[in-house]
$ cat model-v5.cif   # mmCIF, C-alpha atoms
data_start
loop_
_atom_site.label_atom_id
_atom_site.label_comp_id
_atom_site.auth_asym_id
_atom_site.auth_seq_id
_atom_site.Cartn_x
_atom_site.Cartn_y
_atom_site.Cartn_z
CA MET A 1 44.82 -26.77 -56.52
CA GLU A 2 42.56 -25.02 -54.05
CA SER A 3 40.50 -28.14 -53.24
CA THR A 4 43.58 -30.33 -52.61
CA THR A 5 45.08 -27.89 -50.12
CA ALA A 6 41.71 -27.31 -48.48
CA GLU A 7 41.08 -31.04 -48.21
CA LEU A 8 44.40 -31.65 -46.45
CA ILE A 9 44.07 -28.88 -43.92
CA ASP A 10 40.32 -29.03 -43.41
CA ARG A 11 39.88 -32.76 -43.14
CA THR A 12 37.98 -33.75 -40.02
CA GLY A 13 39.98 -35.67 -37.53
CA ALA A 14 37.66 -37.96 -35.63
CA PRO A 15 39.69 -41.16 -35.84
CA GLY A 16 38.71 -43.59 -38.58
CA SER A 17 36.07 -41.34 -40.06
CA SER A 18 35.81 -39.32 -43.20
CA GLY A 19 32.83 -37.51 -41.77
CA ALA A 20 32.16 -35.66 -38.56
CA GLY A 21 32.94 -37.01 -35.11
CA GLY A 22 30.77 -36.86 -32.01
CA THR A 23 31.08 -35.51 -28.51
CA ASP A 24 32.59 -38.83 -27.38
CA TRP A 25 35.64 -38.10 -29.47
CA VAL A 26 35.75 -34.48 -28.33
CA ASP A 27 35.70 -35.49 -24.68
CA ALA A 28 37.96 -38.51 -25.04
CA ASP A 29 40.99 -38.52 -22.78
CA LEU A 30 44.42 -37.55 -23.96
CA VAL A 31 46.73 -40.52 -23.47
CA MET A 32 50.49 -40.12 -23.56
CA ALA A 33 52.91 -42.95 -22.84
CA GLY A 34 49.98 -45.02 -21.68
CA GLN A 35 48.92 -42.47 -19.11
CA VAL A 36 45.72 -40.45 -19.12
CA ILE A 37 46.35 -36.71 -19.01
CA SER A 38 43.09 -35.07 -18.02
CA SER A 39 43.64 -31.75 -19.81
CA ARG A 40 44.74 -31.00 -23.35
CA LEU A 41 46.22 -27.71 -22.17
CA ILE A 42 49.74 -28.13 -20.82
CA LEU A 43 51.17 -25.09 -19.08
CA GLY A 44 54.72 -23.86 -19.03
CA THR A 45 55.59 -22.00 -15.84
CA GLY A 46 58.32 -19.79 -17.30
CA GLY A 47 57.83 -16.03 -17.25
CA MET A 48 55.31 -15.83 -14.43
CA SER A 49 55.59 -12.63 -12.43
CA SER A 50 54.81 -14.08 -8.99
CA PRO A 51 53.92 -17.34 -7.24
CA GLU A 52 50.39 -16.01 -6.58
CA SER A 53 49.91 -15.21 -10.24
CA LEU A 54 51.21 -18.66 -11.18
CA ARG A 55 48.81 -20.39 -8.81
CA GLU A 56 45.88 -18.42 -10.22
CA ALA A 57 46.81 -19.27 -13.81
CA LEU A 58 47.37 -22.95 -13.05
CA GLU A 59 43.99 -23.21 -11.36
CA ALA A 60 42.16 -21.30 -14.10
CA SER A 61 43.73 -23.43 -16.84
CA GLY A 62 42.54 -26.76 -15.47
CA THR A 63 45.88 -28.19 -16.51
CA ALA A 64 47.08 -31.61 -15.37
CA LEU A 65 50.71 -31.22 -16.47
CA ALA A 66 53.05 -28.26 -16.06
CA THR A 67 56.67 -27.81 -17.07
CA VAL A 68 59.45 -26.72 -14.74
CA ALA A 69 63.04 -25.81 -15.52
CA VAL A 70 65.96 -27.36 -13.62
CA ARG A 71 68.10 -24.71 -11.98
CA ARG A 72 70.57 -24.25 -9.16
CA VAL A 73 68.89 -23.91 -5.77
CA ASP A 74 68.46 -20.32 -4.68
CA PRO A 75 68.73 -20.08 -0.88
CA THR A 76 66.84 -16.76 -0.97
CA THR A 77 63.74 -18.33 -2.52
CA ARG A 78 61.13 -19.16 0.07
CA HIS A 79 58.41 -20.77 -2.06
CA SER A 80 58.62 -24.21 -3.59
CA LEU A 81 57.34 -24.77 -7.09
CA VAL A 82 57.30 -28.53 -6.53
CA ASP A 83 55.07 -28.05 -3.46
CA LEU A 84 52.72 -25.70 -5.34
CA LEU A 85 52.21 -28.21 -8.15
CA ALA A 86 51.73 -31.06 -5.67
CA ASP A 87 49.12 -28.95 -3.78
CA LEU A 88 47.19 -28.42 -6.99
CA GLY A 89 47.45 -32.06 -8.06
CA ILE A 90 49.41 -31.13 -11.19
CA GLN A 91 52.01 -33.52 -12.57
CA VAL A 92 55.52 -32.09 -12.91
CA LEU A 93 57.00 -32.20 -16.42
CA PRO A 94 60.68 -31.24 -16.09
CA ASN A 95 62.17 -29.43 -19.03
CA THR A 96 65.74 -29.15 -20.33
CA ALA A 97 65.20 -25.44 -21.04
CA GLY A 98 68.46 -23.57 -21.55
CA CYS A 99 70.42 -26.51 -22.96
CA PHE A 100 72.34 -26.08 -26.20
CA THR A 101 73.91 -29.51 -26.47
CA ALA A 102 72.71 -33.09 -26.26
CA SER A 103 75.08 -33.81 -23.36
CA ASP A 104 73.79 -30.86 -21.30
CA ALA A 105 70.21 -31.93 -22.01
CA VAL A 106 70.93 -35.52 -21.03
CA LEU A 107 72.57 -34.48 -17.73
CA THR A 108 69.69 -32.11 -16.99
CA ALA A 109 67.16 -34.85 -17.70
CA LYS A 110 68.98 -37.22 -15.34
CA LEU A 111 69.08 -34.58 -12.60
CA ALA A 112 65.37 -33.94 -13.12
CA ARG A 113 64.59 -37.65 -12.83
CA GLU A 114 66.42 -37.77 -9.49
CA ALA A 115 64.92 -34.54 -8.16
CA PHE A 116 61.28 -35.05 -9.12
CA GLU A 117 61.08 -38.86 -9.22
CA THR A 118 59.66 -38.92 -12.72
CA ASN A 119 61.05 -40.34 -15.93
CA TRP A 120 59.03 -37.89 -18.03
CA ILE A 121 61.09 -35.20 -19.68
CA LYS A 122 60.26 -32.38 -22.03
CA LEU A 123 63.37 -32.28 -24.18
CA GLU A 124 64.45 -28.89 -25.44
CA VAL A 125 67.83 -28.34 -27.13
CA ILE A 126 68.25 -24.88 -28.53
CA GLY A 127 70.43 -24.03 -31.52
CA ASP A 128 70.36 -20.25 -31.41
CA ASP A 129 69.88 -17.94 -28.44
CA ARG A 130 68.19 -15.21 -30.47
CA THR A 131 65.50 -17.27 -32.16
CA LEU A 132 65.46 -20.12 -29.60
CA LEU A 133 64.84 -22.51 -32.47
CA PRO A 134 65.63 -26.15 -31.72
CA ASP A 135 68.85 -27.79 -32.89
CA SER A 136 67.35 -30.84 -34.58
CA LEU A 137 70.61 -32.78 -34.74
CA GLU A 138 71.45 -32.40 -31.04
CA LEU A 139 67.80 -32.96 -30.18
CA LEU A 140 67.61 -36.27 -32.01
CA ALA A 141 70.88 -37.46 -30.43
CA ALA A 142 69.62 -36.56 -26.94
CA ALA A 143 66.24 -38.17 -27.60
CA GLU A 144 67.84 -41.46 -28.65
CA GLU A 145 70.07 -41.55 -25.58
CA LEU A 146 67.25 -40.71 -23.18
CA VAL A 147 64.77 -43.17 -24.71
CA ASP A 148 67.48 -45.81 -24.35
CA ASP A 149 67.84 -44.88 -20.67
CA GLY A 150 64.12 -45.42 -20.01
CA PHE A 151 62.91 -41.84 -20.17
CA ILE A 152 59.51 -40.84 -21.51
CA VAL A 153 60.64 -38.17 -23.95
CA LEU A 154 58.44 -35.32 -25.17
CA PRO A 155 60.61 -33.36 -27.62
CA TYR A 156 60.08 -29.72 -28.49
CA CYS A 157 60.94 -29.73 -32.18
CA SER A 158 60.91 -27.98 -35.50
CA ASP A 159 57.68 -28.08 -37.53
CA ASP A 160 59.53 -30.12 -40.13
CA PRO A 161 57.52 -33.32 -40.68
CA VAL A 162 60.71 -35.27 -41.40
CA VAL A 163 62.22 -34.31 -38.03
CA ALA A 164 58.96 -35.18 -36.30
CA ARG A 165 58.95 -38.59 -37.94
CA ARG A 166 62.58 -39.24 -36.93
CA LEU A 167 61.78 -38.35 -33.31
CA GLU A 168 58.79 -40.68 -33.27
CA GLN A 169 60.88 -43.46 -34.80
CA ALA A 170 63.48 -42.90 -32.08
CA GLY A 171 60.81 -43.78 -29.51
CA CYS A 172 59.56 -40.42 -28.30
CA ALA A 173 56.18 -40.56 -26.58
CA ALA A 174 54.85 -37.51 -28.44
CA VAL A 175 56.10 -34.89 -30.84
CA MET A 176 55.86 -31.23 -29.96
CA PRO A 177 56.33 -29.06 -33.03
CA LEU A 178 56.62 -25.31 -32.65
CA GLY A 179 54.05 -22.95 -34.07
CA SER A 180 56.64 -20.16 -34.14
CA PRO A 181 59.65 -19.18 -31.96
CA ILE A 182 59.37 -19.49 -28.18
CA GLY A 183 57.85 -16.36 -26.66
CA SER A 184 57.19 -14.75 -30.05
CA GLY A 185 53.40 -14.93 -29.83
CA LEU A 186 53.31 -15.27 -33.61
CA GLY A 187 50.94 -18.23 -33.54
CA ILE A 188 51.12 -21.00 -36.10
CA ALA A 189 53.46 -19.84 -38.84
CA ASN A 190 53.05 -22.91 -41.04
CA PRO A 191 49.68 -24.64 -40.62
CA HIS A 192 50.44 -26.88 -43.59
CA ASN A 193 53.45 -28.40 -41.81
CA ILE A 194 51.45 -28.92 -38.62
CA ALA A 195 48.70 -30.66 -40.62
CA LEU A 196 51.33 -32.89 -42.29
CA ILE A 197 52.77 -33.82 -38.91
CA VAL A 198 49.29 -34.61 -37.55
CA GLU A 199 48.53 -36.75 -40.60
CA GLN A 200 51.61 -38.96 -40.24
CA ALA A 201 52.00 -39.13 -36.46
CA GLY A 202 51.34 -42.30 -34.52
CA VAL A 203 51.96 -40.53 -31.22
CA PRO A 204 50.22 -37.46 -29.78
CA VAL A 205 51.07 -34.13 -31.39
CA VAL A 206 51.38 -31.22 -28.96
CA LEU A 207 51.71 -27.76 -30.48
CA ASP A 208 54.46 -26.17 -28.40
CA ALA A 209 55.88 -22.61 -28.69
CA GLY A 210 54.78 -19.40 -30.27
CA ILE A 211 51.16 -19.41 -29.19
CA GLY A 212 50.08 -15.82 -28.55
CA THR A 213 46.42 -15.90 -27.68
CA ALA A 214 43.34 -18.13 -27.52
CA SER A 215 42.65 -18.16 -31.26
CA ASP A 216 46.08 -19.72 -31.88
CA VAL A 217 45.18 -22.54 -29.51
CA CYS A 218 41.90 -23.01 -31.34
CA VAL A 219 43.68 -23.21 -34.70
CA ALA A 220 46.12 -25.79 -33.34
CA MET A 221 43.28 -28.02 -32.21
CA GLU A 222 41.38 -27.50 -35.49
CA LEU A 223 44.48 -28.66 -37.34
CA GLY A 224 44.27 -31.90 -35.38
CA CYS A 225 46.81 -31.40 -32.61
CA ASP A 226 46.07 -33.54 -29.59
CA ALA A 227 47.11 -30.87 -27.09
CA VAL A 228 48.90 -27.56 -26.81
CA LEU A 229 51.66 -26.30 -24.53
CA VAL A 230 51.43 -22.64 -23.63
CA ALA A 231 53.78 -20.61 -21.49
CA SER A 232 54.42 -16.95 -22.35
CA ALA A 233 50.96 -16.33 -23.80
CA VAL A 234 49.57 -17.01 -20.32
CA THR A 235 52.40 -16.03 -17.98
CA ARG A 236 53.10 -12.74 -19.72
CA ALA A 237 49.49 -11.80 -20.50
CA HIS A 238 48.21 -8.76 -18.65
CA GLN A 239 45.87 -11.04 -16.74
CA PRO A 240 47.33 -14.54 -16.73
CA GLY A 241 44.40 -16.15 -14.92
CA VAL A 242 41.89 -14.77 -17.40
CA MET A 243 44.03 -15.83 -20.36
CA ALA A 244 44.50 -19.32 -18.89
CA ALA A 245 40.72 -19.75 -18.68
CA ALA A 246 40.34 -18.49 -22.26
CA MET A 247 42.92 -21.02 -23.44
CA ARG A 248 41.02 -23.77 -21.69
CA ASP A 249 37.88 -22.83 -23.61
CA ALA A 250 39.83 -22.53 -26.86
CA VAL A 251 41.17 -26.07 -26.55
CA ARG A 252 37.66 -27.45 -26.34
CA ALA A 253 36.26 -25.15 -29.03
CA GLY A 254 38.98 -26.08 -31.50
CA ARG A 255 38.64 -29.78 -30.88
CA ALA A 256 34.84 -29.65 -31.18
CA ALA A 257 35.10 -27.66 -34.41
CA ARG A 258 37.37 -30.31 -35.85
CA ALA A 259 34.94 -33.04 -34.85
CA ALA A 260 32.06 -31.08 -36.37
CA GLY A 261 33.61 -31.18 -39.83
CA ARG A 262 34.10 -27.68 -41.24
CA ILE A 263 33.13 -26.49 -44.71
CA THR A 264 35.90 -26.49 -47.28
CA ARG A 265 37.46 -23.21 -48.29
CA ARG A 266 36.37 -21.92 -51.69
CA PHE A 267 38.04 -19.51 -54.00
CA HIS A 268 34.71 -18.01 -55.02
CA GLY A 269 31.41 -17.99 -53.17
CA GLU A 270 28.61 -20.45 -52.69
CA ALA A 271 25.19 -19.02 -51.79
CA SER A 272 23.70 -20.37 -48.61
CA SER A 273 20.21 -19.31 -49.73
CA SER A 274 18.59 -21.07 -52.65
CA PHE A 275 17.64 -18.97 -55.67
CA ASP A 276 14.35 -20.92 -55.98
CA GLY A 277 11.26 -18.90 -55.19
CA MET A 278 12.94 -15.53 -55.81
CA ILE A 279 10.50 -12.79 -56.74
CA ALA A 280 10.64 -11.51 -60.32
CA ARG A 281 13.10 -8.73 -60.86
CA MET B 1 90.98 -29.23 8.44
CA THR B 2 88.75 -28.22 5.53
CA ILE B 3 88.55 -28.95 1.84
CA SER B 4 87.69 -26.50 -0.92
CA LEU B 5 84.80 -27.33 -3.18
CA LEU B 6 82.88 -25.45 -5.83
CA VAL B 7 79.16 -25.51 -5.07
CA ASN B 8 76.78 -24.01 -7.61
CA GLY B 9 79.68 -22.09 -9.09
CA ASP B 10 80.89 -20.58 -5.83
CA PRO B 11 83.85 -21.61 -3.67
CA TRP B 12 82.76 -23.39 -0.49
CA ASP B 13 84.80 -24.92 2.27
CA GLY B 14 83.66 -28.07 3.98
CA PRO B 15 85.11 -30.44 6.57
CA ARG B 16 87.35 -33.23 5.29
CA GLU B 17 85.23 -36.24 4.23
CA VAL B 18 82.13 -34.06 3.94
CA THR B 19 79.33 -36.04 2.34
CA VAL B 20 76.85 -34.97 -0.32
CA SER B 21 74.09 -35.19 2.32
CA GLN B 22 75.92 -32.70 4.47
CA VAL B 23 76.46 -30.24 1.64
CA VAL B 24 72.78 -30.45 0.67
CA ALA B 25 71.74 -29.88 4.29
CA ALA B 26 73.93 -26.77 4.40
CA TRP B 27 72.28 -25.38 1.23
CA CYS B 28 68.66 -26.51 1.40
CA ASP B 29 65.88 -26.59 3.99
CA SER B 30 64.77 -29.98 2.70
CA PRO B 31 66.08 -32.57 0.25
CA ARG B 32 62.66 -32.74 -1.44
CA GLY B 33 62.75 -31.86 -5.11
CA ILE B 34 66.55 -31.65 -5.09
CA ALA B 35 69.19 -33.39 -7.23
CA VAL B 36 72.97 -33.28 -7.12
CA ALA B 37 75.69 -33.63 -9.74
CA ARG B 38 79.33 -34.14 -8.83
CA ASN B 39 81.84 -33.32 -11.55
CA GLY B 40 79.15 -33.61 -14.20
CA GLU B 41 77.60 -36.88 -13.00
CA VAL B 42 74.37 -37.33 -11.08
CA VAL B 43 74.77 -38.66 -7.53
CA PRO B 44 71.61 -40.67 -6.77
CA LYS B 45 69.84 -39.71 -3.55
CA SER B 46 70.38 -43.22 -2.24
CA ARG B 47 74.15 -42.59 -2.29
CA TRP B 48 74.25 -39.09 -0.77
CA ASP B 49 75.12 -40.33 2.75
CA GLU B 50 77.96 -42.54 1.59
CA THR B 51 79.53 -40.22 -1.01
CA SER B 52 82.43 -38.28 0.49
CA LEU B 53 83.74 -35.40 -1.52
CA ALA B 54 87.31 -34.68 -2.60
CA PRO B 55 89.10 -31.31 -2.74
CA GLY B 56 88.23 -29.46 -5.94
CA ASP B 57 84.98 -31.33 -6.57
CA ARG B 58 82.41 -29.34 -8.55
CA ILE B 59 78.94 -29.78 -7.07
CA GLU B 60 75.68 -28.65 -8.63
CA ILE B 61 72.58 -28.69 -6.42
CA VAL B 62 69.43 -28.18 -8.48
CA THR B 63 65.71 -27.92 -8.06
CA ALA B 64 62.62 -26.83 -9.98
CA ALA B 65 62.37 -23.24 -11.13
CA ALA B 66 59.70 -21.50 -13.15
CA GLY B 67 60.53 -22.23 -16.75
CA GLY B 68 59.84 -24.32 -19.77
#

$ encode --input "model-v5.cif" --output "structure tokens"
Amino acid sequence: MESTTAELIDRTGAPGSSGAGGTDWVDADLVMAGQVISSRLILGTGGMSSPESLREALEASGTALATVAVRRVDPTTRHSLVDLLADLGIQVLPNTAGCFTASDAVLTAKLAREAFETNWIKLEVIGDDRTLLPDSLELLAAAEELVDDGFIVLPYCSDDPVVARRLEQAGCAAVMPLGSPIGSGLGIANPHNIALIVEQAGVPVVLDAGIGTASDVCVAMELGCDAVLVASAVTRAHQPGVMAAAMRDAVRAGRAARAAGRITRRFHGEASSSFDGMIAR
Amino acid sequence: MTISLLVNGDPWDGPREVTVSQVVAAWCDSPRGIAVARNGEVVPKSRWDETSLAPGDRIEIVTAAAGG
């Protein structure tokens, strides 16, 4: 029992190999929807305390893609998030955050496409405003409609491998399973599910939601995720810029560890020192 | 002669035949990063100048906000 579970979760992920991978694989570009994304750390902008703090975190993270919500214009706001991201050379990934139905999410996505001149959309359809867990049924319906309308859909989804497979079959460009509820900081609640999703996916897997600190990011990459999306863990950290830099390091560390091929987990011990040549007792 | 609209949830009076472009100009410094929905449907930027609004129209003017 123990070796089967260990084999599934601990299997190295360098593509096409049963052994370790090299630095080429570690440093290989992330490609989503045919486009190179130069960082495997995607940042969510929600929860940041100030524009200055946001700029610092974005720069420290090295991110190439950041999410934005779509909201009514606020005439009292002087700064422009779109301008800030453009200044930093970061691609805008609009998000349907706050939507509870497929039709709201679809309208929001269409507004985002008009506003930001991108057909990329992070699709989020929430089923419950306390847990913020996704409504898989509405999500799948919205994904199908948006894929049909030419969008590049990145769905935030349950860590259920069946849901992930349905979203991929519907034409989504990635799957983005949660580690745990949005903003909870609980990390990866079910590593087995994430490993199952990684094993079956033909599109990139982005761990999205619930990350709390750098070690969670590392675990996600060790499980074989292609990227992570982090918002609250950075924006609400005491020092967002410092945490963003830590996350950047964690992405690389986790991916390298996976390429290196870890030891399997054992129920008992296995001595690392040989007993040969021991003095007489 | 004015018409009553709802813009971003608030009542707003505009001149008769006011266009989407004109409403956006009244609300935003620049049309960059902005999208508009009229009665639940997106009005493409290319049609803002030629889309005149009717009394009672519900307009949503949106942009990027920190989130997601």

$ residues_around --input "model-v5.cif" --residues "Leu167 (chain A)" --least-positions-apart "3" --cutoff "9 Å" --atoms "all atoms listed in the file" --output "PDB file with C-alpha atoms, keeping the file's coordinate frame"
ATOM      1  CA  LEU A 139      67.800 -32.960 -30.180  1.00  0.00           C
ATOM      2  CA  LEU A 140      67.610 -36.270 -32.010  1.00  0.00           C
ATOM      3  CA  ALA A 143      66.240 -38.170 -27.600  1.00  0.00           C
ATOM      4  CA  GLU A 144      67.840 -41.460 -28.650  1.00  0.00           C
ATOM      5  CA  PRO A 155      60.610 -33.360 -27.620  1.00  0.00           C
ATOM      6  CA  CYS A 157      60.940 -29.730 -32.180  1.00  0.00           C
ATOM      7  CA  VAL A 162      60.710 -35.270 -41.400  1.00  0.00           C
ATOM      8  CA  VAL A 163      62.220 -34.310 -38.030  1.00  0.00           C
ATOM      9  CA  ALA A 164      58.960 -35.180 -36.300  1.00  0.00           C
ATOM     10  CA  ALA A 170      63.480 -42.900 -32.080  1.00  0.00           C
ATOM     11  CA  GLY A 171      60.810 -43.780 -29.510  1.00  0.00           C
ATOM     12  CA  CYS A 172      59.560 -40.420 -28.300  1.00  0.00           C
ATOM     13  CA  ALA A 174      54.850 -37.510 -28.440  1.00  0.00           C
ATOM     14  CA  VAL A 175      56.100 -34.890 -30.840  1.00  0.00           C
TER      15      VAL A 175
END

$ closest_atom_pairs --input "model-v5.cif" --of "chain B" --to "chain A" --cutoff "8 Å" --atoms "only C-alpha atoms" --output "Markdown table"
| residue | atom | partner | partner_atom | distance |
| --- | --- | --- | --- | --- |
| B:Asn8 | CA | A:Arg72 | CA | 6.4 |
| B:Trp27 | CA | A:Pro75 | CA | 6.7 |
| B:Cys28 | CA | A:Pro75 | CA | 6.8 |
| B:Arg32 | CA | A:Ala115 | CA | 7.3 |
| B:Gly33 | CA | A:Ala115 | CA | 4.6 |
| B:Ile34 | CA | A:Ala115 | CA | 4.5 |
| B:Ala35 | CA | A:Ala115 | CA | 4.5 |
| B:Val36 | CA | A:Leu111 | CA | 6.8 |
| B:Ala37 | CA | A:Leu111 | CA | 7.3 |
| B:Gly40 | CA | A:Leu107 | CA | 7.5 |
| B:Glu41 | CA | A:Leu107 | CA | 7.3 |
| B:Val42 | CA | A:Leu111 | CA | 6.2 |
| B:Pro44 | CA | A:Glu114 | CA | 6.5 |
| B:Lys45 | CA | A:Glu114 | CA | 7.1 |
| B:Glu60 | CA | A:Arg72 | CA | 6.8 |
| B:Ile61 | CA | A:Arg72 | CA | 5.6 |
| B:Val62 | CA | A:Arg72 | CA | 4.1 |
| B:Thr63 | CA | A:Val70 | CA | 5.6 |
| B:Ala64 | CA | A:Val70 | CA | 5.0 |
| B:Ala65 | CA | A:Ala69 | CA | 5.1 |
| B:Ala66 | CA | A:Gly46 | CA | 4.7 |
| B:Gly67 | CA | A:Gly46 | CA | 3.3 |
| B:Gly68 | CA | A:Gly44 | CA | 5.2 |

$ resolve_selection --input "model-v5.cif" --expression "the PyMOL selection byres ((chain A and resi 252) around 9)" --output "NGL selection string"
:A and (26-27 or 40 or 218 or 221 or 247-251 or 253-257)

$ resolve_selection --input "model-v5.cif" --expression "the PyMOL selection byres ((chain A and resi 100) around 10)" --output "ChimeraX atom specification"
/A:96-99,101-105,124-129,132,134-135,138-139

$ atom_distance --input "model-v5.cif" --atom1 "CA of Ser180 (chain A)" --atom2 "CA of Ile211 (chain A)"
7.4 Å

$ resolve_selection --input "model-v5.cif" --expression "the PyMOL selection byres ((chain A and resi 178) around 6)" --output "ChimeraX atom specification"
/A:158-159,177,179-180,207-209

$ atom_distance --input "model-v5.cif" --atom1 "CA of Asp49 (chain B)" --atom2 "CA of Phe151 (chain A)"
26.0 Å

$ atom_distance --input "model-v5.cif" --atom1 "CA of Ile42 (chain A)" --atom2 "CA of Ala259 (chain A)"
21.0 Å

$ closest_residue --input "model-v5.cif" --among "A:Ile121, A:Leu137, A:Val203, A:Ala60" --to "Gln239 (chain A)" --atoms "all atoms listed in the file"
A:Ala60

$ residues_around --input "model-v5.cif" --residues "Glu50 (chain B)" --least-positions-apart "2" --cutoff "12 Å" --atoms "all atoms listed in the file" --output "ChimeraX atom specification"
/B:17-22,43-48,52-53
